[in-house]
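S.K.: My structure file my_file39.pdb, PDB, C-alpha atoms and all ligand atoms, is below:
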ATOM      1  CA  MET B   1      10.671 -22.981 -31.527
ATOM      2  CA  GLY B   2      11.317 -19.261 -31.868
ATOM      3  CA  VAL B   3      13.674 -17.296 -34.035
ATOM      4  CA  ALA B   4      16.451 -17.809 -31.527
ATOM      5  CA  ALA B   5      15.760 -21.507 -31.204
ATOM      6  CA  THR B   6      18.659 -23.321 -29.706
ATOM      7  CA  THR B   7      19.851 -26.879 -29.822
ATOM      8  CA  ARG B   8      21.179 -26.468 -26.284
ATOM      9  CA  HIS B   9      19.426 -28.224 -23.451
ATOM     10  CA  CYS B  10      16.884 -25.802 -21.998
ATOM     11  CA  ILE B  11      15.418 -26.441 -18.562
ATOM     12  CA  PHE B  12      12.628 -23.912 -19.107
ATOM     13  CA  CYS B  13      11.576 -25.595 -22.378
ATOM     14  CA  GLU B  14      11.417 -28.853 -20.434
ATOM     15  CA  ILE B  15       9.163 -27.217 -17.858
ATOM     16  CA  VAL B  16       6.971 -25.679 -20.580
ATOM     17  CA  HIS B  17       6.589 -29.101 -22.193
ATOM     18  CA  GLY B  18       5.807 -30.806 -18.906
ATOM     19  CA  ALA B  19       9.097 -32.709 -18.819
ATOM     20  CA  GLY B  20      10.657 -30.758 -15.959
ATOM     21  CA  GLU B  21       9.482 -30.388 -12.393
ATOM     22  CA  ALA B  22       8.023 -26.983 -11.589
ATOM     23  CA  SER B  23       5.557 -25.324  -9.249
ATOM     24  CA  ILE B  24       3.386 -23.551 -11.791
ATOM     25  CA  CYS B  25       1.319 -20.628 -10.536
ATOM     26  CA  TYR B  26      -0.022 -19.214 -13.813
ATOM     27  CA  GLN B  27      -0.466 -20.305 -17.410
ATOM     28  CA  ASP B  28      -2.037 -19.123 -20.629
ATOM     29  CA  ASP B  29      -1.500 -19.828 -24.315
ATOM     30  CA  ARG B  30       1.744 -17.801 -24.526
ATOM     31  CA  ALA B  31       3.248 -17.812 -21.046
ATOM     32  CA  ILE B  32       3.696 -19.772 -17.879
ATOM     33  CA  ALA B  33       4.888 -18.670 -14.469
ATOM     34  CA  PHE B  34       6.440 -20.854 -11.820
ATOM     35  CA  MET B  35       8.269 -20.533  -8.545
ATOM     36  CA  ASP B  36      11.997 -19.853  -8.751
ATOM     37  CA  ILE B  37      13.864 -22.883  -7.445
ATOM     38  CA  GLN B  38      16.315 -20.631  -5.579
ATOM     39  CA  PRO B  39      14.110 -17.749  -4.427
ATOM     40  CA  VAL B  40      15.390 -14.474  -3.040
ATOM     41  CA  ASN B  41      12.304 -14.580  -0.832
ATOM     42  CA  ALA B  42       9.231 -16.804  -0.706
ATOM     43  CA  GLY B  43       7.014 -15.855  -3.642
ATOM     44  CA  HIS B  44       9.836 -15.254  -6.154
ATOM     45  CA  VAL B  45       8.183 -16.053  -9.504
ATOM     46  CA  LEU B  46       9.570 -16.473 -13.017
ATOM     47  CA  ILE B  47       7.369 -15.506 -15.970
ATOM     48  CA  VAL B  48       8.418 -17.420 -19.048
ATOM     49  CA  PRO B  49       7.246 -17.462 -22.674
ATOM     50  CA  ARG B  50       6.151 -20.913 -23.876
ATOM     51  CA  GLU B  51       8.184 -20.400 -27.008
ATOM     52  CA  HIS B  52      11.968 -20.483 -26.687
ATOM     53  CA  PHE B  53      13.682 -17.123 -27.125
ATOM     54  CA  GLU B  54      17.122 -16.714 -25.647
ATOM     55  CA  THR B  55      17.206 -13.074 -24.572
ATOM     56  CA  LEU B  56      14.894 -10.089 -24.324
ATOM     57  CA  SER B  57      16.234  -8.829 -27.666
ATOM     58  CA  ASP B  58      14.953 -11.988 -29.362
ATOM     59  CA  VAL B  59      11.405 -11.772 -28.014
ATOM     60  CA  PRO B  60       8.708 -10.350 -30.322
ATOM     61  CA  HIS B  61       7.381  -7.044 -29.037
ATOM     62  CA  ALA B  62       3.821  -8.234 -28.383
ATOM     63  CA  LEU B  63       5.052 -11.252 -26.439
ATOM     64  CA  ALA B  64       7.412  -9.139 -24.329
ATOM     65  CA  MET B  65       4.472  -6.863 -23.526
ATOM     66  CA  HIS B  66       2.356  -9.875 -22.621
ATOM     67  CA  LEU B  67       4.993 -11.172 -20.209
ATOM     68  CA  PHE B  68       5.104  -7.787 -18.526
ATOM     69  CA  ASP B  69       1.319  -7.763 -18.383
ATOM     70  CA  VAL B  70       1.422 -11.137 -16.611
ATOM     71  CA  ALA B  71       3.996  -9.698 -14.196
ATOM     72  CA  LEU B  72       1.645  -6.793 -13.456
ATOM     73  CA  ARG B  73      -1.217  -9.218 -12.834
ATOM     74  CA  LEU B  74       0.822 -11.461 -10.563
ATOM     75  CA  GLY B  75       2.490  -8.591  -8.722
ATOM     76  CA  PRO B  76      -0.375  -7.743  -6.341
ATOM     77  CA  VAL B  77      -0.979 -11.440  -5.629
ATOM     78  CA  VAL B  78       2.680 -12.071  -4.834
ATOM     79  CA  ARG B  79       2.794  -8.939  -2.680
ATOM     80  CA  LYS B  80      -0.281 -10.041  -0.752
ATOM     81  CA  LEU B  81       0.770 -13.652  -0.212
ATOM     82  CA  SER B  82       4.410 -12.920   0.551
ATOM     83  CA  GLY B  83       3.509 -10.109   2.916
ATOM     84  CA  SER B  84       6.107  -7.980   1.132
ATOM     85  CA  PRO B  85       4.801  -4.672  -0.235
ATOM     86  CA  ASP B  86       7.989  -4.139  -2.223
ATOM     87  CA  LEU B  87       9.033  -5.876  -5.444
ATOM     88  CA  ASN B  88      11.797  -6.012  -7.982
ATOM     89  CA  VAL B  89      10.817  -6.843 -11.557
ATOM     90  CA  VAL B  90      14.043  -7.955 -13.160
ATOM     91  CA  VAL B  91      15.140  -9.079 -16.611
ATOM     92  CA  ASN B  92      18.720 -10.199 -17.075
ATOM     93  CA  SER B  93      19.337 -10.153 -20.813
ATOM     94  CA  GLY B  94      22.648 -11.607 -21.938
ATOM     95  CA  GLU B  95      25.699 -13.019 -20.232
ATOM     96  CA  ALA B  96      27.211  -9.687 -19.182
ATOM     97  CA  ALA B  97      23.860  -8.759 -17.656
ATOM     98  CA  GLY B  98      23.938 -11.848 -15.444
ATOM     99  CA  GLN B  99      21.586 -14.111 -17.386
ATOM    100  CA  ASP B 100      22.103 -17.743 -16.428
ATOM    101  CA  VAL B 101      19.177 -19.484 -18.101
ATOM    102  CA  PHE B 102      19.064 -18.569 -21.791
ATOM    103  CA  HIS B 103      15.327 -18.845 -22.182
ATOM    104  CA  HIS B 104      14.027 -15.332 -21.640
ATOM    105  CA  HIS B 105      12.174 -14.795 -18.355
ATOM    106  CA  VAL B 106      10.970 -12.034 -16.070
ATOM    107  CA  HIS B 107      11.712 -12.249 -12.361
ATOM    108  CA  LEU B 108       9.067 -11.059  -9.902
ATOM    109  CA  ILE B 109      10.888 -10.778  -6.610
ATOM    110  CA  PRO B 110       9.150  -9.823  -3.368
ATOM    111  CA  ARG B 111      11.538  -7.838  -1.229
ATOM    112  CA  ARG B 112      12.040  -7.580   2.484
ATOM    113  CA  PRO B 113      14.201  -5.105   4.348
ATOM    114  CA  ASP B 114      17.601  -6.642   5.035
ATOM    115  CA  ASP B 115      16.989  -9.738   2.884
ATOM    116  CA  GLY B 116      20.555  -9.409   1.618
ATOM    117  CA  PHE B 117      19.594  -9.161  -2.054
ATOM    118  CA  ASP B 118      20.673  -6.026  -3.859
ATOM    119  CA  VAL B 119      20.295  -4.299  -7.186
ATOM    120  CA  PRO B 120      23.031  -1.779  -6.448
ATOM    121  CA  LEU B 121      21.766   1.365  -8.143
ATOM    122  CA  PRO B 122      22.876   4.061  -8.321
ATOM    123  CA  PHE B 123      26.128   2.355  -9.311
ATOM    124  CA  SER B 124      28.921   3.263  -6.915
ATOM    125  CA  GLY B 125      31.484   2.667  -9.690
ATOM    126  CA  SER B 126      29.909   5.252 -11.979
ATOM    127  CA  GLN B 127      32.104   8.092 -13.230
ATOM    128  CA  MET B 128      29.105  10.489 -13.039
ATOM    129  CA  PRO B 129      29.548  11.859 -16.586
ATOM    130  CA  ASP B 130      29.232  15.530 -17.388
ATOM    131  CA  ARG B 131      25.730  16.733 -18.366
ATOM    132  CA  THR B 132      26.942  17.378 -21.918
ATOM    133  CA  LEU B 133      27.707  13.651 -22.302
ATOM    134  CA  LEU B 134      24.289  12.688 -20.912
ATOM    135  CA  ASP B 135      22.634  15.181 -23.282
ATOM    136  CA  ALA B 136      24.673  13.861 -26.234
ATOM    137  CA  MET B 137      23.641  10.279 -25.516
ATOM    138  CA  ALA B 138      20.008  11.302 -25.123
ATOM    139  CA  ALA B 139      20.204  13.081 -28.489
ATOM    140  CA  ARG B 140      21.686   9.974 -30.145
ATOM    141  CA  ILE B 141      18.901   7.821 -28.758
ATOM    142  CA  ILE B 142      16.268  10.280 -29.986
ATOM    143  CA  GLY B 143      17.948  10.305 -33.396
ATOM    144  CA  GLU B 144      17.853   6.504 -33.622
ATOM    145  CA  LEU B 145      14.236   6.354 -32.492
ATOM    146  CA  HIS B 146      13.125   8.811 -35.149
ATOM    147  CA  ASP B 147      15.186   7.520 -38.054
ATOM    148  CA  PRO B 148      12.703   5.682 -40.303
ATOM    149  CA  VAL B 149      15.373   3.586 -42.016
ATOM    150  CA  LYS B 150      16.959   2.370 -38.819
ATOM    151  CA  ARG B 151      17.120  -1.242 -37.747
ATOM    152  CA  THR B 152      14.364  -3.356 -36.286
ATOM    153  CA  SER B 153      14.646  -4.441 -32.649
ATOM    154  CA  ARG B 154      16.031  -7.851 -33.696
ATOM    155  CA  GLU B 155      19.162  -6.442 -35.287
ATOM    156  CA  GLN B 156      22.359  -5.887 -33.399
ATOM    157  CA  PRO B 157      22.249  -2.602 -31.510
ATOM    158  CA  ALA B 158      24.808   0.027 -32.470
ATOM    159  CA  SER B 159      27.309   0.650 -29.687
ATOM    160  CA  LEU B 160      26.421   3.522 -27.397
ATOM    161  CA  GLY B 161      29.985   3.655 -26.127
ATOM    162  CA  ALA B 162      32.235   6.657 -26.681
TER     163      ALA B 162
HETATM  164  P1  LIG B 201      18.814 -15.514 -14.627
HETATM  165  O1  LIG B 201      20.134 -15.317 -13.959
HETATM  166  O2  LIG B 201      18.028 -14.244 -14.795
HETATM  167  O3  LIG B 201      18.936 -16.313 -15.895
HETATM  168  O4  LIG B 201      17.951 -16.352 -13.583
HETATM  169  C1  LIG B 201      17.703 -17.712 -13.690
HETATM  170  C2  LIG B 201      16.804 -18.092 -12.549
HETATM  171  O5  LIG B 201      16.247 -19.344 -12.829
HETATM  172  C3  LIG B 201      17.535 -18.201 -11.194
HETATM  173  O6  LIG B 201      16.907 -17.345 -10.234
HETATM  174  C4  LIG B 201      17.367 -19.674 -10.840
HETATM  175  O7  LIG B 201      17.186 -19.879  -9.453
HETATM  176  C5  LIG B 201      16.141 -20.055 -11.638
HETATM  177  N1  LIG B 201      16.059 -21.468 -12.009
HETATM  178  C6  LIG B 201      17.000 -22.222 -12.622
HETATM  179  N2  LIG B 201      16.558 -23.471 -12.842
HETATM  180  C7  LIG B 201      15.278 -23.497 -12.374
HETATM  181  C8  LIG B 201      14.274 -24.506 -12.311
HETATM  182  N3  LIG B 201      14.490 -25.745 -12.759
HETATM  183  N4  LIG B 201      13.078 -24.197 -11.764
HETATM  184  C9  LIG B 201      12.855 -22.940 -11.287
HETATM  185  N5  LIG B 201      13.767 -21.956 -11.320
HETATM  186  C10 LIG B 201      14.961 -22.229 -11.857
HETATM  187 ZN    ZN B 202      13.876 -22.879 -23.806
END
Let me see the file written as structure tokens.

M.R.:
Amino acid sequence: MGVAATTRHCIFCEIVHGAGEASICYQDDRAIAFMDIQPVNAGHVLIVPREHFETLSDVPHALAMHLFDVALRLGPVVRKLSGSPDLNVVVNSGEAAGQDVFHHHVHLIPRRPDDGFDVPLPFSGSQMPDRTLLDAMAARIIGELHDPVKRTSREQPASLGA
């Protein structure tokens, strides 16, 4: 179990351990990928680490990179077989971000015109902040990135709010 090991029932851990039904389309020593049970379109794949980590923030850097690498490898195959040239690669990390299964995973979603699915960006509810606010936030991010004594990725992020 990973750092964020949980005592909660985890359907993806069951699948990883062969105890849950799944249509597996890829596996290696660190990751498996299987078909989403409720696909947006045919070919919707979930890429899942074998080890249990709840959210993206809990996943070690190298493993997160590996999962994305698997997504890049599967992408052309999914595009070819689904007949959909377009894809969303989606990670929902945390409750407010819409995560439902708290075992980190990457969605690979083939898209069709008018399939009814939407990632509604740009956000129509945005206040379109002044450039000075965008610049200030960019400067804060740069400051954090270059501060040698700042936190590791596992620690709680500082609020970027006003
Ligand atoms: P998320 O909201 O990012 O946590 O997405 C969870 C995804 O897992 C949803 O798209 C579900 O359809 C999918 N899902 C949940 N249970 C299973 C399962 N047993 N096998 C395959 N996919 C699943
Ligand atoms: Zn799990």

S.K.: Neighbourhood query: residues within 12 Å of (9.6, -8.0, -6.3), file coordinates, counting all atoms listed in the file; return as a ChimeraX atom specification.

M.R.: /B:39-46,71-72,74-80,82-91,106-113,115,117-119

S.K.: Residues up to 10 Å from ligand LIG 201 (chain B), counting only C-alpha atoms and all ligand atoms: could you list those as a VMD selection string?

M.R.: chain B and resid 10 to 12 14 to 15 20 to 24 33 to 40 44 to 46 54 to 55 90 to 95 97 to 107 109

S.K.: Just how far from atom CA of Asp130 of chain B is atom CA of Glu144 of chain B, in Å to one decimal?

M.R.: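 Computing it gives 21.8 Å between the two atoms.
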
S.K.: Find the distance between atom CA of Val59 of chain B and atom CA of Cys13 of chain B and write it in Å to one decimal.

M.R.: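 Taking atom CA of Val59 of chain B as the start and atom CA of Cys13 of chain B as the end point, the length is 14.9 Å.
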
S.K.: Using only C-alpha atoms and all ligand atoms, pick whichever of B:Ala96, B:Cys25, B:Ala62, B:Val48 has the shortest atom-to-atom distance to ligand ZN 202 (chain B).

M.R.: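 Closest to ligand ZN 202 (chain B), using only C-alpha atoms and all ligand atoms: B:Val48.
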
S.K.: Expressed in Å to a single decimal, how great is the separation between atom CA of His9 of chain B and atom CA of Pro49 of chain B?

M.R.: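 A separation of 16.3 Å between them.
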